[in-house]
>>> print(open('structure-v6.txt').read())   # compact mmCIF, C-alpha atoms
# COMPACT_ATOMS: atom_id res chain seq x y z
CA MET K 1 -28.46 37.12 2.52
CA ASP K 2 -27.63 39.96 0.08
CA ILE K 3 -24.38 40.51 1.95
CA LEU K 4 -23.53 36.83 1.59
CA ILE K 5 -24.24 36.90 -2.15
CA SER K 6 -22.31 40.12 -2.68
CA VAL K 7 -19.25 38.87 -0.81
CA PHE K 8 -18.92 35.60 -2.76
CA PRO K 9 -17.08 37.06 -5.83
CA GLN K 10 -14.40 38.43 -3.48
CA LEU K 11 -14.22 35.13 -1.63
CA PHE K 12 -13.72 33.27 -4.94
CA LYS K 13 -10.70 35.48 -5.67
CA GLY K 14 -9.24 34.44 -2.34
CA THR K 15 -10.04 30.81 -3.12
CA GLY K 16 -7.59 31.06 -6.03
CA VAL K 17 -4.76 31.90 -3.59
CA THR K 18 -5.86 29.07 -1.28
CA ILE K 19 -5.91 26.52 -4.13
CA GLN K 20 -2.54 27.69 -5.48
CA LEU K 21 -0.90 27.29 -2.09
CA PHE K 22 -2.60 23.91 -1.65
CA LEU K 23 -1.36 22.60 -5.01
CA PHE K 24 2.20 23.94 -4.68
CA THR K 25 2.43 22.39 -1.22
CA LEU K 26 1.29 18.97 -2.43
CA ILE K 27 3.56 19.04 -5.48
CA GLY K 28 6.54 19.93 -3.29
CA SER K 29 5.90 18.05 -0.09
CA ILE K 30 4.86 14.60 -1.38
CA PRO K 31 8.06 13.90 -3.39
CA LEU K 32 10.16 15.43 -0.59
CA GLY K 33 8.28 13.32 1.95
CA ILE K 34 8.95 10.14 -0.07
CA LEU K 35 12.64 10.99 -0.29
CA LEU K 36 12.87 11.68 3.44
CA ALA K 37 10.95 8.48 4.20
CA PHE K 38 13.55 6.43 2.34
CA VAL K 39 16.29 8.18 4.31
CA LEU K 40 14.40 7.37 7.54
CA SER K 41 14.21 3.72 6.44
CA SER K 42 17.87 3.60 5.40
CA LYS K 43 20.84 2.25 7.34
CA SER K 44 22.73 5.53 7.46
CA LYS K 45 22.56 6.61 11.10
CA PHE K 46 23.89 10.08 10.35
CA LEU K 47 21.38 10.88 7.58
CA LYS K 48 18.60 9.37 9.67
CA TRP K 49 19.54 11.56 12.59
CA ILE K 50 19.46 14.69 10.41
CA VAL K 51 16.01 13.83 9.00
CA GLN K 52 14.66 12.82 12.42
CA THR K 53 15.78 16.18 13.81
CA TYR K 54 14.14 17.95 10.89
CA VAL K 55 10.88 16.03 11.40
CA TRP K 56 10.97 16.76 15.13
CA LEU K 57 11.43 20.49 14.47
CA MET K 58 8.68 20.67 11.87
CA ARG K 59 6.16 18.61 13.80
CA GLY K 60 7.12 20.04 17.16
CA THR K 61 6.52 23.71 16.38
CA PRO K 62 3.35 25.42 15.15
CA LEU K 63 3.00 25.98 11.42
CA LEU K 64 2.09 29.58 12.22
CA LEU K 65 5.49 30.09 13.82
CA GLN K 66 7.20 28.48 10.82
CA LEU K 67 5.35 30.86 8.49
CA ILE K 68 6.60 33.84 10.45
CA PHE K 69 10.17 32.51 10.41
CA ALA K 70 10.01 31.79 6.67
CA PHE K 71 8.96 35.35 5.87
CA TYR K 72 10.45 37.56 8.58
CA GLY K 73 13.18 35.32 9.96
CA LEU K 74 14.85 34.36 6.69
CA ALA K 75 14.88 37.99 5.62
CA THR K 76 17.10 38.81 8.61
CA VAL K 77 19.77 36.46 7.23
CA GLY K 78 19.50 37.87 3.72
CA ILE K 79 17.06 35.35 2.21
CA VAL K 80 14.20 37.53 1.09
CA LEU K 81 11.10 35.71 -0.13
CA ASP K 82 7.86 37.38 -1.12
CA ARG K 83 4.86 36.57 1.04
CA PHE K 84 3.48 33.81 -1.15
CA GLU K 85 6.91 32.20 -1.70
CA ALA K 86 7.52 32.21 2.06
CA ALA K 87 4.14 30.58 2.62
CA VAL K 88 4.82 27.86 0.02
CA PHE K 89 8.30 27.29 1.47
CA ALA K 90 7.02 26.88 5.04
CA PHE K 91 4.08 24.70 4.01
CA ILE K 92 6.26 22.36 1.91
CA LEU K 93 8.79 21.91 4.71
CA ASN K 94 6.08 21.36 7.30
CA TYR K 95 3.97 18.92 5.30
CA ALA K 96 7.00 17.00 3.99
CA ALA K 97 7.82 16.13 7.60
CA TYR K 98 4.35 14.66 8.18
CA PHE K 99 4.39 12.83 4.83
CA ALA K 100 7.87 11.47 5.61
CA GLU K 101 6.57 9.79 8.76
CA ILE K 102 3.51 8.42 6.96
CA PHE K 103 5.55 7.03 4.07
CA ARG K 104 8.19 5.64 6.45
CA GLY K 105 5.48 3.56 8.10
CA GLY K 106 4.34 2.38 4.67
CA ILE K 107 7.85 1.48 3.52
CA GLN K 108 8.52 -0.47 6.70
CA SER K 109 5.31 -2.44 6.29
CA ILE K 110 6.44 -3.90 2.95
CA PRO K 111 7.80 -7.41 3.62
CA LYS K 112 11.56 -7.85 3.23
CA GLY K 113 10.76 -10.69 0.82
CA GLN K 114 9.47 -8.19 -1.74
CA TYR K 115 12.90 -6.55 -1.86
CA GLU K 116 14.58 -9.96 -2.07
CA ALA K 117 12.28 -11.12 -4.86
CA ALA K 118 13.16 -7.97 -6.79
CA GLN K 119 16.87 -8.48 -6.06
CA VAL K 120 16.80 -12.08 -7.30
CA LEU K 121 15.08 -10.88 -10.47
CA ARG K 122 18.03 -8.49 -10.90
CA LEU K 123 15.97 -5.32 -10.66
CA THR K 124 18.05 -2.25 -9.84
CA PRO K 125 17.41 -0.46 -6.52
CA TRP K 126 15.62 2.33 -8.42
CA GLN K 127 13.44 -0.15 -10.33
CA THR K 128 12.63 -1.89 -7.04
CA ILE K 129 11.61 1.37 -5.40
CA SER K 130 9.66 2.80 -8.32
CA LYS K 131 7.96 -0.35 -9.61
CA ILE K 132 7.54 -2.48 -6.49
CA ILE K 133 7.75 -0.43 -3.31
CA ILE K 134 6.21 2.98 -4.08
CA PRO K 135 3.03 1.58 -5.70
CA GLN K 136 2.40 -0.61 -2.66
CA VAL K 137 3.27 2.16 -0.19
CA GLY K 138 0.91 4.48 -2.09
CA LYS K 139 -2.03 2.20 -1.44
CA ILE K 140 -1.13 1.47 2.19
CA THR K 141 -0.68 5.12 3.10
CA LEU K 142 -3.52 6.62 1.08
CA PRO K 143 -5.98 6.99 4.01
CA SER K 144 -3.36 8.81 6.12
CA VAL K 145 -2.24 10.93 3.17
CA GLY K 146 -5.91 11.76 2.58
CA ASN K 147 -6.22 13.06 6.15
CA GLU K 148 -3.21 15.30 5.63
CA VAL K 149 -4.61 16.60 2.35
CA ILE K 150 -7.84 17.60 4.05
CA SER K 151 -5.90 19.21 6.91
CA LEU K 152 -3.84 21.10 4.36
CA VAL K 153 -6.93 22.69 2.82
CA LYS K 154 -7.86 24.10 6.23
CA ASP K 155 -4.29 24.96 7.28
CA THR K 156 -3.91 27.28 4.28
CA SER K 157 -6.05 29.73 6.27
CA LEU K 158 -2.98 30.40 8.45
CA ILE K 159 -1.40 32.53 5.73
CA TYR K 160 -3.52 35.46 6.90
CA ILE K 161 -0.58 36.07 9.28
CA LEU K 162 1.56 37.07 6.28
CA GLY K 163 -1.15 39.38 4.95
CA LEU K 164 -1.95 37.21 1.94
CA SER K 165 -5.46 37.60 0.60
CA ASP K 166 -6.72 34.07 0.86
CA VAL K 167 -10.37 33.21 1.33
CA MET K 168 -10.13 33.45 5.14
CA ARG K 169 -8.59 36.92 5.20
CA ILE K 170 -11.04 38.27 2.64
CA GLY K 171 -13.89 36.86 4.69
CA LYS K 172 -12.53 38.43 7.86
CA ILE K 173 -12.16 41.85 6.20
CA ALA K 174 -15.73 41.62 4.85
CA MET K 175 -16.97 40.64 8.29
CA GLU K 176 -15.36 43.71 9.88
CA ARG K 177 -16.60 45.97 7.05
CA GLU K 178 -20.18 44.72 7.11
CA ALA K 179 -20.25 44.19 10.88
CA THR K 180 -21.80 40.75 10.48
CA LEU K 181 -20.66 37.15 10.67
CA LEU K 182 -22.36 36.29 7.36
CA PRO K 183 -19.17 36.52 5.24
CA LEU K 184 -17.61 33.89 7.49
CA ILE K 185 -20.50 31.57 6.68
CA GLY K 186 -19.46 32.02 3.03
CA VAL K 187 -15.87 31.17 4.04
CA GLY K 188 -17.12 28.02 5.77
CA ILE K 189 -19.13 27.03 2.69
CA ILE K 190 -16.05 27.41 0.47
CA TYR K 191 -13.86 25.31 2.79
CA LEU K 192 -16.57 22.66 2.98
CA ALA K 193 -16.86 22.62 -0.81
CA LEU K 194 -13.07 22.28 -1.18
CA THR K 195 -12.70 19.53 1.43
CA GLY K 196 -15.79 17.81 0.01
CA PHE K 197 -14.30 17.87 -3.48
CA PHE K 198 -10.94 16.48 -2.32
CA THR K 199 -12.67 13.83 -0.22
CA VAL K 200 -14.49 12.63 -3.34
CA VAL K 201 -11.25 12.68 -5.37
CA LEU K 202 -9.45 10.68 -2.68
CA LYS K 203 -12.28 8.14 -2.52
CA GLN K 204 -12.01 7.70 -6.28
CA VAL K 205 -8.26 7.16 -6.05
CA GLU K 206 -8.83 4.65 -3.24
CA LYS K 207 -11.38 2.84 -5.41
CA ARG K 208 -8.95 2.73 -8.34
CA LEU K 209 -6.32 1.17 -6.11
CA ASP K 210 -8.77 -1.40 -4.86
CA TYR K 211 -7.98 -3.75 -7.74
CA TYR K 212 -5.55 -5.70 -5.55
CA ARG K 213 -5.13 -6.65 -1.90
CA MET G 214 27.34 -27.88 -14.45
CA LEU G 215 27.09 -25.91 -11.24
CA GLU G 216 29.74 -26.60 -8.60
CA LEU G 217 30.22 -25.37 -5.05
CA LYS G 218 33.68 -25.72 -3.58
CA ASN G 219 34.51 -25.48 0.09
CA ILE G 220 31.72 -23.01 0.86
CA LYS G 221 31.83 -21.58 4.37
CA LYS G 222 29.30 -19.31 5.96
CA SER G 223 28.94 -18.10 9.54
CA PHE G 224 26.67 -15.66 11.30
CA GLY G 225 28.83 -14.18 14.02
CA SER G 226 30.41 -17.04 15.91
CA ARG G 227 27.84 -19.53 14.64
CA THR G 228 29.01 -21.60 11.67
CA ILE G 229 26.15 -22.48 9.36
CA ILE G 230 27.94 -24.01 6.37
CA ASP G 231 31.34 -25.52 6.98
CA GLY G 232 33.29 -26.36 3.84
CA LEU G 233 30.49 -27.64 1.64
CA ASN G 234 31.33 -29.23 -1.74
CA LEU G 235 28.75 -30.28 -4.27
CA SER G 236 28.02 -30.36 -7.97
CA ILE G 237 24.76 -30.35 -9.90
CA SER G 238 24.75 -31.59 -13.46
CA GLU G 239 22.61 -30.03 -16.17
CA GLY G 240 18.98 -31.12 -16.10
CA SER G 241 19.17 -32.92 -12.78
CA ILE G 242 17.41 -32.34 -9.49
CA LEU G 243 19.29 -31.88 -6.25
CA ALA G 244 17.29 -32.02 -3.06
CA ILE G 245 18.79 -30.49 0.06
CA VAL G 246 17.21 -31.94 3.17
CA GLY G 247 17.78 -31.66 6.86
CA PRO G 248 16.40 -30.20 10.06
CA SER G 249 15.80 -26.51 10.72
CA GLY G 250 18.99 -24.63 11.41
CA GLY G 251 21.00 -26.96 9.21
CA GLY G 252 21.76 -24.22 6.70
CA LYS G 253 19.52 -25.38 3.83
CA THR G 254 17.92 -22.00 3.24
CA THR G 255 21.18 -20.17 3.89
CA LEU G 256 22.82 -22.25 1.19
CA LEU G 257 20.04 -21.37 -1.25
CA ARG G 258 20.29 -17.70 -0.32
CA THR G 259 24.03 -17.63 -0.94
CA LEU G 260 23.46 -19.25 -4.34
CA ALA G 261 20.84 -16.62 -5.15
CA GLY G 262 23.16 -13.80 -4.12
CA LEU G 263 21.04 -12.79 -1.13
CA GLU G 264 23.80 -13.66 1.37
CA SER G 265 27.55 -13.43 1.00
CA ILE G 266 29.81 -16.37 1.78
CA ASP G 267 32.89 -16.23 3.99
CA SER G 268 35.01 -18.35 1.67
CA GLY G 269 34.78 -20.89 -1.13
CA ASP G 270 33.95 -20.79 -4.81
CA PHE G 271 30.90 -21.05 -7.03
CA LEU G 272 31.62 -22.41 -10.52
CA LEU G 273 29.36 -22.54 -13.53
CA ASP G 274 30.66 -24.76 -16.36
CA GLY G 275 34.08 -24.57 -14.69
CA LYS G 276 34.14 -20.77 -14.49
CA LYS G 277 34.07 -18.98 -11.15
CA PHE G 278 31.23 -16.59 -10.51
CA ASN G 279 30.09 -14.46 -7.63
CA PRO G 280 26.29 -14.66 -7.14
CA MET G 281 26.33 -11.24 -5.47
CA ASN G 282 28.12 -9.59 -8.34
CA LEU G 283 26.85 -10.98 -11.62
CA LYS G 284 27.08 -9.18 -14.92
CA GLU G 285 24.04 -7.15 -15.92
CA GLN G 286 21.23 -9.32 -17.31
CA GLU G 287 23.00 -12.53 -16.24
CA GLN G 288 21.11 -14.87 -13.99
CA VAL G 289 22.40 -18.17 -12.70
CA VAL G 290 19.85 -19.11 -10.06
CA GLY G 291 16.15 -18.26 -10.18
CA VAL G 292 14.36 -18.58 -6.85
CA VAL G 293 10.86 -19.72 -5.95
CA PHE G 294 10.41 -18.42 -2.42
CA GLN G 295 8.62 -20.37 0.29
CA ASP G 296 5.90 -17.71 0.49
CA PHE G 297 6.23 -16.95 -3.24
CA GLN G 298 6.63 -13.18 -2.79
CA LEU G 299 4.58 -12.34 -5.85
CA PHE G 300 4.13 -8.61 -6.36
CA PRO G 301 0.53 -8.03 -5.18
CA HIS G 302 -0.10 -4.92 -7.27
CA LEU G 303 0.85 -6.61 -10.53
CA SER G 304 -1.20 -9.09 -12.53
CA VAL G 305 0.12 -12.59 -13.22
CA PHE G 306 1.24 -11.41 -16.67
CA GLU G 307 3.00 -8.38 -15.19
CA ASN G 308 4.64 -10.48 -12.48
CA ILE G 309 6.08 -12.76 -15.15
CA THR G 310 7.13 -10.03 -17.58
CA LEU G 311 8.39 -7.28 -15.27
CA ALA G 312 12.00 -8.46 -15.09
CA PRO G 313 12.30 -9.53 -18.76
CA LYS G 314 11.01 -6.09 -19.69
CA LEU G 315 13.09 -4.00 -17.28
CA VAL G 316 16.21 -6.10 -16.80
CA LEU G 317 16.57 -8.12 -20.01
CA LYS G 318 15.09 -5.18 -21.94
CA GLU G 319 13.11 -7.52 -24.16
CA ASP G 320 10.64 -6.09 -26.68
CA LYS G 321 6.97 -6.32 -25.87
CA ALA G 322 6.42 -9.00 -28.53
CA VAL G 323 9.24 -11.11 -27.09
CA TYR G 324 8.23 -10.94 -23.43
CA THR G 325 4.56 -11.40 -24.28
CA GLN G 326 5.32 -14.55 -26.22
CA LYS G 327 7.55 -15.76 -23.41
CA ALA G 328 4.80 -15.19 -20.84
CA GLN G 329 2.29 -17.04 -23.00
CA GLN G 330 4.66 -19.98 -23.45
CA LEU G 331 5.39 -20.19 -19.74
CA ALA G 332 1.69 -19.85 -18.92
CA GLU G 333 0.91 -22.72 -21.25
CA GLN G 334 3.72 -24.83 -19.83
CA LEU G 335 2.58 -24.22 -16.25
CA GLY G 336 -1.18 -24.19 -16.74
CA LEU G 337 -1.64 -20.49 -16.17
CA THR G 338 -3.19 -19.41 -19.48
CA THR G 339 -6.55 -18.45 -17.98
CA LEU G 340 -4.96 -16.64 -15.06
CA LEU G 341 -2.74 -14.08 -16.79
CA GLU G 342 -5.05 -11.15 -16.02
CA GLN G 343 -5.65 -12.20 -12.41
CA TYR G 344 -3.94 -10.69 -9.38
CA PRO G 345 -2.09 -12.73 -6.74
CA TYR G 346 -4.84 -12.37 -4.12
CA GLN G 347 -7.24 -14.12 -6.52
CA LEU G 348 -5.04 -17.23 -6.79
CA SER G 349 -4.81 -20.43 -4.75
CA GLY G 350 -1.53 -21.45 -3.12
CA GLY G 351 -0.72 -23.87 -5.93
CA GLN G 352 -1.45 -21.28 -8.60
CA LYS G 353 0.73 -18.71 -6.83
CA GLN G 354 3.56 -21.19 -6.77
CA ARG G 355 3.27 -21.80 -10.50
CA VAL G 356 3.31 -18.05 -11.12
CA ALA G 357 6.43 -17.79 -8.96
CA ILE G 358 8.04 -20.55 -11.06
CA ALA G 359 7.04 -18.80 -14.30
CA ARG G 360 8.40 -15.49 -13.00
CA ALA G 361 11.73 -17.09 -12.09
CA MET G 362 11.97 -18.99 -15.39
CA ALA G 363 11.24 -15.86 -17.43
CA MET G 364 14.72 -14.63 -16.53
CA ASN G 365 16.26 -17.69 -18.22
CA PRO G 366 18.19 -18.88 -15.16
CA ARG G 367 20.54 -21.82 -15.46
CA VAL G 368 19.17 -23.31 -12.26
CA LEU G 369 15.76 -23.04 -10.64
CA ALA G 370 15.82 -23.20 -6.84
CA TYR G 371 12.85 -23.75 -4.53
CA ASP G 372 12.73 -22.95 -0.84
CA GLU G 373 10.41 -25.43 0.92
CA PRO G 374 8.03 -25.77 -2.05
CA THR G 375 5.52 -27.95 -0.21
CA SER G 376 5.33 -26.12 3.11
CA ALA G 377 2.83 -23.44 2.08
CA LEU G 378 0.57 -25.93 0.30
CA ASP G 379 -2.04 -28.30 1.61
CA PRO G 380 -1.16 -32.01 1.36
CA ALA G 381 -3.41 -32.53 -1.68
CA LEU G 382 -1.26 -30.16 -3.69
CA ARG G 383 2.00 -31.86 -2.75
CA GLN G 384 1.58 -34.42 -5.52
CA GLN G 385 0.94 -31.63 -8.04
CA VAL G 386 4.20 -29.92 -7.08
CA GLU G 387 6.02 -33.21 -7.41
CA ASN G 388 4.61 -33.70 -10.90
CA LEU G 389 5.43 -30.14 -11.86
CA ILE G 390 9.06 -30.42 -10.77
CA LEU G 391 9.43 -33.75 -12.61
CA ASP G 392 7.80 -32.22 -15.72
CA LEU G 393 10.30 -29.39 -15.66
CA LYS G 394 13.09 -31.93 -15.32
CA LYS G 395 11.87 -33.62 -18.51
CA GLN G 396 12.18 -30.23 -20.20
CA GLY G 397 15.81 -30.08 -19.10
CA VAL G 398 15.47 -27.58 -16.26
CA THR G 399 18.17 -27.96 -13.59
CA GLN G 400 16.58 -27.69 -10.16
CA ILE G 401 17.58 -27.40 -6.52
CA VAL G 402 14.91 -28.13 -3.96
CA VAL G 403 15.36 -27.20 -0.33
CA THR G 404 12.94 -29.16 1.82
CA HIS G 405 12.50 -30.71 5.22
CA ASP G 406 10.20 -33.34 3.68
CA LEU G 407 12.40 -36.39 3.13
CA ASP G 408 9.76 -38.47 1.31
CA PHE G 409 9.06 -35.65 -1.11
CA ALA G 410 12.81 -35.22 -1.67
CA LYS G 411 13.33 -38.92 -2.37
CA ASN G 412 10.49 -38.91 -4.92
CA ILE G 413 11.92 -36.10 -7.01
CA ALA G 414 15.66 -35.97 -6.53
CA ASP G 415 18.49 -37.41 -8.58
CA ASN G 416 20.83 -36.47 -5.79
CA LEU G 417 20.15 -35.93 -2.14
CA LEU G 418 22.23 -33.72 0.11
CA GLU G 419 21.59 -34.05 3.81
CA VAL G 420 22.71 -31.10 5.89
CA SER G 421 22.69 -30.86 9.64
CA PRO G 422 23.60 -28.12 12.11
CA VAL G 423 27.35 -27.64 12.46
CA LYS G 424 28.55 -28.55 15.94
>>> encode(input="structure-v6.txt", output="C-alpha cells")
Amino acid sequence: MDILISVFPQLFKGTGVTIQLFLFTLIGSIPLGILLAFVLSSKSKFLKWIVQTYVWLMRGTPLLLQLIFAFYGLATVGIVLDRFEAAVFAFILNYAAYFAEIFRGGIQSIPKGQYEAAQVLRLTPWQTISKIIIPQVGKITLPSVGNEVISLVKDTSLIYILGLSDVMRIGKIAMEREATLLPLIGVGIIYLALTGFFTVVLKQVEKRLDYYR
Amino acid sequence: MLELKNIKKSFGSRTIIDGLNLSISEGSILAIVGPSGGGKTTLLRTLAGLESIDSGDFLLDGKKFNPMNLKEQEQVVGVVFQDFQLFPHLSVFENITLAPKLVLKEDKAVYTQKAQQLAEQLGLTTLLEQYPYQLSGGQKQRVAIARAMAMNPRVLAYDEPTSALDPALRQQVENLILDLKKQGVTQIVVTHDLDFAKNIADNLLEVSPVK
C-alpha cells in the first residue's frame, strides 16, 4: 500500500502528459473530422476519393504503427518533430478519420428538406452548415463521439512507444523498479478516474442537448 | 403581379412542365390542382428557386427575375413545405427570426417586434418559447407560415397544406389562408384536394401529366 501511495505523485506528473495529448487531439481532430465529413458528403468525386483513401489508411492501420511513422518515418524525409509533437500529429490524423465517418453519418441523416428550407430562407451555405446542420449533427452523433473520446483517453497510453513519460510509462517503470504490480493498479485507478470524469461530462452535454427532439 | 411565361421543365426525357403561362395578381389566391406527377410541386419548386427551369421567364411587376439567382436579401416566394421543415433545435421564436436576423440583418428590436406581430396574427403568442416537437401539426404549419412571412416575400406558396393535417384542421387552414388574403397576402396553394382549392382560390390552375 505504501508503494502505491508513494508512486501516485509520479503518476500524476504523467497524467499531465496524458491530458495534454488528449486535449490537443480533441481540439485538432474534431474540427478536422467535421471538415472531412463535409467533403465525404459532397458531390466532388475526386475530393471524396482522396478523403476515403485517407480514412481507409488511418482506420486500416494500427495507431501504434502511425505513431512510429510520425516520429521515425517523417524524420527520414526531413520532417523532424519532437516526440510529443509526433504523438499529437499521429493522434489528430487518426482520430479525425474516425470522427469524419461519424459526422458523415450524422450529416447524411439530416433530411434534405432542412437544406431546402434554409435555401428558401436565403441562408448562405455557411449559415446553413453552422446554424442548421452542425447543431443537429452534434446531437445525433454525440453518443458515438463520446465512445471515441473514452477510447482516446485509453489510447494515449500507446505513446510509451515514443518514450514519452505518460501515466502508463511511469507506472511501468515503477512496476519494474519495485518488482510489484501495485503501481499498475494506480495507473488503472487514474484511467478509471479520467474516463469516469469524461463520461459524466458527456452525460451532462447530452442532457443539455435534450431540450429538443 | 407575378407572371410565368412559357415555362418548360424536364427531368431527363420526361417533360414535367410544357410551356406554362400564368399570372397571379397582388392579394389573390391561385390554387394549382391536379394528380400526382402533374408537375404541381415542381412548379412550386422552380418558383422558390429550388429547381432550375429549361426555358421561359418569371416576371415580377413586369421585370424578369431568376428565382435561383436573386439579389441578396430579396425574396419573391416564401414556401410553406408539406412537412413544414421547421428547424428542430430552434424555438418557435428562433425559427421565425433566424433568417431576418442573419439574412435581412435586422436589429434585435426589429426582428423581435416582427416575430411578436406574426405570432399575434397567427395565434402563436403563447408558443414562442416552445420547440417544434412540442407543437401539433396545425401549430407547426402556422410557425412555418410565420417563418416564411418574416422574410417579407411577395408571394407565399404552400405545398399540399392539408395533407399533413387531420381533417378537423382542414377548415382551420382554409380560414387561415382566407384571413391572410384579407391582409393582402398573395398566395399560391399546391394541392390535390379539389374541394379545398375551390373554397379558397380566386383562380384555379389544373395541371396534368404531360403526354
>>> closest_atom_pairs(input="structure-v6.txt", of="chain G", to="chain K", cutoff="9 Å", atoms="only C-alpha atoms", output="JSON lines")
{"residue": "G:Ala261", "atom": "CA", "partner": "K:Val120", "partner_atom": "CA", "distance": 6.4}
{"residue": "G:Gly262", "atom": "CA", "partner": "K:Val120", "partner_atom": "CA", "distance": 7.3}
{"residue": "G:Leu263", "atom": "CA", "partner": "K:Glu116", "partner_atom": "CA", "distance": 7.1}
{"residue": "G:Glu285", "atom": "CA", "partner": "K:Arg122", "partner_atom": "CA", "distance": 7.9}
{"residue": "G:Gln286", "atom": "CA", "partner": "K:Arg122", "partner_atom": "CA", "distance": 7.2}
{"residue": "G:Glu287", "atom": "CA", "partner": "K:Arg122", "partner_atom": "CA", "distance": 8.3}
{"residue": "G:Gln288", "atom": "CA", "partner": "K:Arg122", "partner_atom": "CA", "distance": 7.7}
{"residue": "G:Val290", "atom": "CA", "partner": "K:Val120", "partner_atom": "CA", "distance": 8.1}
{"residue": "G:Gly291", "atom": "CA", "partner": "K:Val120", "partner_atom": "CA", "distance": 6.8}
{"residue": "G:Val292", "atom": "CA", "partner": "K:Val120", "partner_atom": "CA", "distance": 7.0}
{"residue": "G:Val293", "atom": "CA", "partner": "K:Ala117", "partner_atom": "CA", "distance": 8.8}
{"residue": "G:Phe294", "atom": "CA", "partner": "K:Ala117", "partner_atom": "CA", "distance": 7.9}
{"residue": "G:Asp296", "atom": "CA", "partner": "K:Gly113", "partner_atom": "CA", "distance": 8.5}
{"residue": "G:Phe297", "atom": "CA", "partner": "K:Ala117", "partner_atom": "CA", "distance": 8.6}
{"residue": "G:Gln298", "atom": "CA", "partner": "K:Gln114", "partner_atom": "CA", "distance": 5.8}
{"residue": "G:Leu299", "atom": "CA", "partner": "K:Gln114", "partner_atom": "CA", "distance": 7.6}
{"residue": "G:Phe300", "atom": "CA", "partner": "K:Ile132", "partner_atom": "CA", "distance": 7.0}
{"residue": "G:Pro301", "atom": "CA", "partner": "K:Tyr212", "partner_atom": "CA", "distance": 6.5}
{"residue": "G:His302", "atom": "CA", "partner": "K:Tyr212", "partner_atom": "CA", "distance": 5.8}
{"residue": "G:Leu303", "atom": "CA", "partner": "K:Tyr212", "partner_atom": "CA", "distance": 8.2}
{"residue": "G:Ser304", "atom": "CA", "partner": "K:Tyr212", "partner_atom": "CA", "distance": 8.9}
{"residue": "G:Leu311", "atom": "CA", "partner": "K:Lys131", "partner_atom": "CA", "distance": 9.0}
{"residue": "G:Ala312", "atom": "CA", "partner": "K:Leu121", "partner_atom": "CA", "distance": 6.1}
{"residue": "G:Pro313", "atom": "CA", "partner": "K:Leu121", "partner_atom": "CA", "distance": 8.8}
{"residue": "G:Leu315", "atom": "CA", "partner": "K:Leu123", "partner_atom": "CA", "distance": 7.3}
{"residue": "G:Val316", "atom": "CA", "partner": "K:Leu123", "partner_atom": "CA", "distance": 6.2}
{"residue": "G:Tyr344", "atom": "CA", "partner": "K:Tyr212", "partner_atom": "CA", "distance": 6.5}
{"residue": "G:Pro345", "atom": "CA", "partner": "K:Tyr212", "partner_atom": "CA", "distance": 7.9}
{"residue": "G:Tyr346", "atom": "CA", "partner": "K:Arg213", "partner_atom": "CA", "distance": 6.1}
{"residue": "G:Gln347", "atom": "CA", "partner": "K:Tyr212", "partner_atom": "CA", "distance": 8.6}
{"residue": "G:Arg360", "atom": "CA", "partner": "K:Leu121", "partner_atom": "CA", "distance": 8.5}
{"residue": "G:Ala361", "atom": "CA", "partner": "K:Leu121", "partner_atom": "CA", "distance": 7.2}
{"residue": "G:Met364", "atom": "CA", "partner": "K:Leu121", "partner_atom": "CA", "distance": 7.1}
>>> residues_around(input="structure-v6.txt", residues="G:Gln326", least_positions_apart="6", cutoff="12 Å", atoms="all atoms listed in the file", output="ChimeraX atom specification")
/G:306,309-310,313,319-320,332-333,338,363
>>> write_last_selection(input="structure-v6.txt", atoms="C-alpha atoms", output="compact mmCIF listing (two decimals), in the coordinates of the input")
# COMPACT_ATOMS: atom_id res chain seq x y z
CA PHE G 306 1.24 -11.41 -16.67
CA ILE G 309 6.08 -12.76 -15.15
CA THR G 310 7.13 -10.03 -17.58
CA PRO G 313 12.30 -9.53 -18.76
CA GLU G 319 13.11 -7.52 -24.16
CA ASP G 320 10.64 -6.09 -26.68
CA ALA G 332 1.69 -19.85 -18.92
CA GLU G 333 0.91 -22.72 -21.25
CA THR G 338 -3.19 -19.41 -19.48
CA ALA G 363 11.24 -15.86 -17.43
>>> residues_around(input="structure-v6.txt", residues="stretch 9-23 of chain K", least_positions_apart="2", cutoff="7 Å", atoms="all atoms listed in the file", output="VMD selection string")
chain K and resid 6 to 7 25 to 27 88 152 to 153 156 165 to 167 170 to 171
>>> closest_residue(input="structure-v6.txt", among="K:Tyr191, K:Phe197, K:Phe8, K:Trp56", to="K:Tyr98", atoms="all atoms listed in the file")
K:Trp56
>>> atom_distance(input="structure-v6.txt", atom1="atom CA of K:Ser29", atom2="atom CA of K:Phe84")
16.0 Å
>>> atom_distance(input="structure-v6.txt", atom1="atom CA of G:Ala328", atom2="atom CA of G:Met362")
9.8 Å
>>> closest_residue(input="structure-v6.txt", among="K:Pro125, K:Gln204, K:Thr141, K:Asp82", to="K:Ile110", atoms="all atoms listed in the file")
K:Thr141
>>> residues_around(input="structure-v6.txt", residues="G:Tyr371", least_positions_apart="6", cutoff="10 Å", atoms="all atoms listed in the file", output="VMD selection string")
chain G and resid 244 254 257 291 to 295 297 354 357 to 358 390 400 to 404
>>> atom_distance(input="structure-v6.txt", atom1="atom CA of G:Ile245", atom2="atom CA of G:Ile229")
14.3 Å
>>> residues_around(input="structure-v6.txt", residues="K:Leu182", least_positions_apart="5", cutoff="9 Å", atoms="only C-alpha atoms", output="NGL selection string")
:K and (1 or 3-4 or 171 or 174-175 or 187)
>>> closest_residue(input="structure-v6.txt", among="G:Leu378, G:Leu215, G:Leu283, G:Val386", to="G:Leu243", atoms="all atoms listed in the file")
G:Leu215
>>> closest_residue(input="structure-v6.txt", among="G:Asn282, G:Thr399, G:Ser223, G:Thr228", to="G:Asp267", atoms="all atoms listed in the file")
G:Ser223
>>> residues_around(input="structure-v6.txt", residues="stretch 232-236 of chain G", least_positions_apart="6", cutoff="6 Å", atoms="only C-alpha atoms", output="ChimeraX atom specification")
/G:215-221
>>> write_last_selection(input="structure-v6.txt", atoms="C-alpha atoms", output="CSV table (one decimal), keeping the file's coordinate frame")
chain,number,residue,atom,x,y,z
G,215,LEU,CA,27.1,-25.9,-11.2
G,216,GLU,CA,29.7,-26.6,-8.6
G,217,LEU,CA,30.2,-25.4,-5.0
G,218,LYS,CA,33.7,-25.7,-3.6
G,219,ASN,CA,34.5,-25.5,0.1
G,220,ILE,CA,31.7,-23.0,0.9
G,221,LYS,CA,31.8,-21.6,4.4
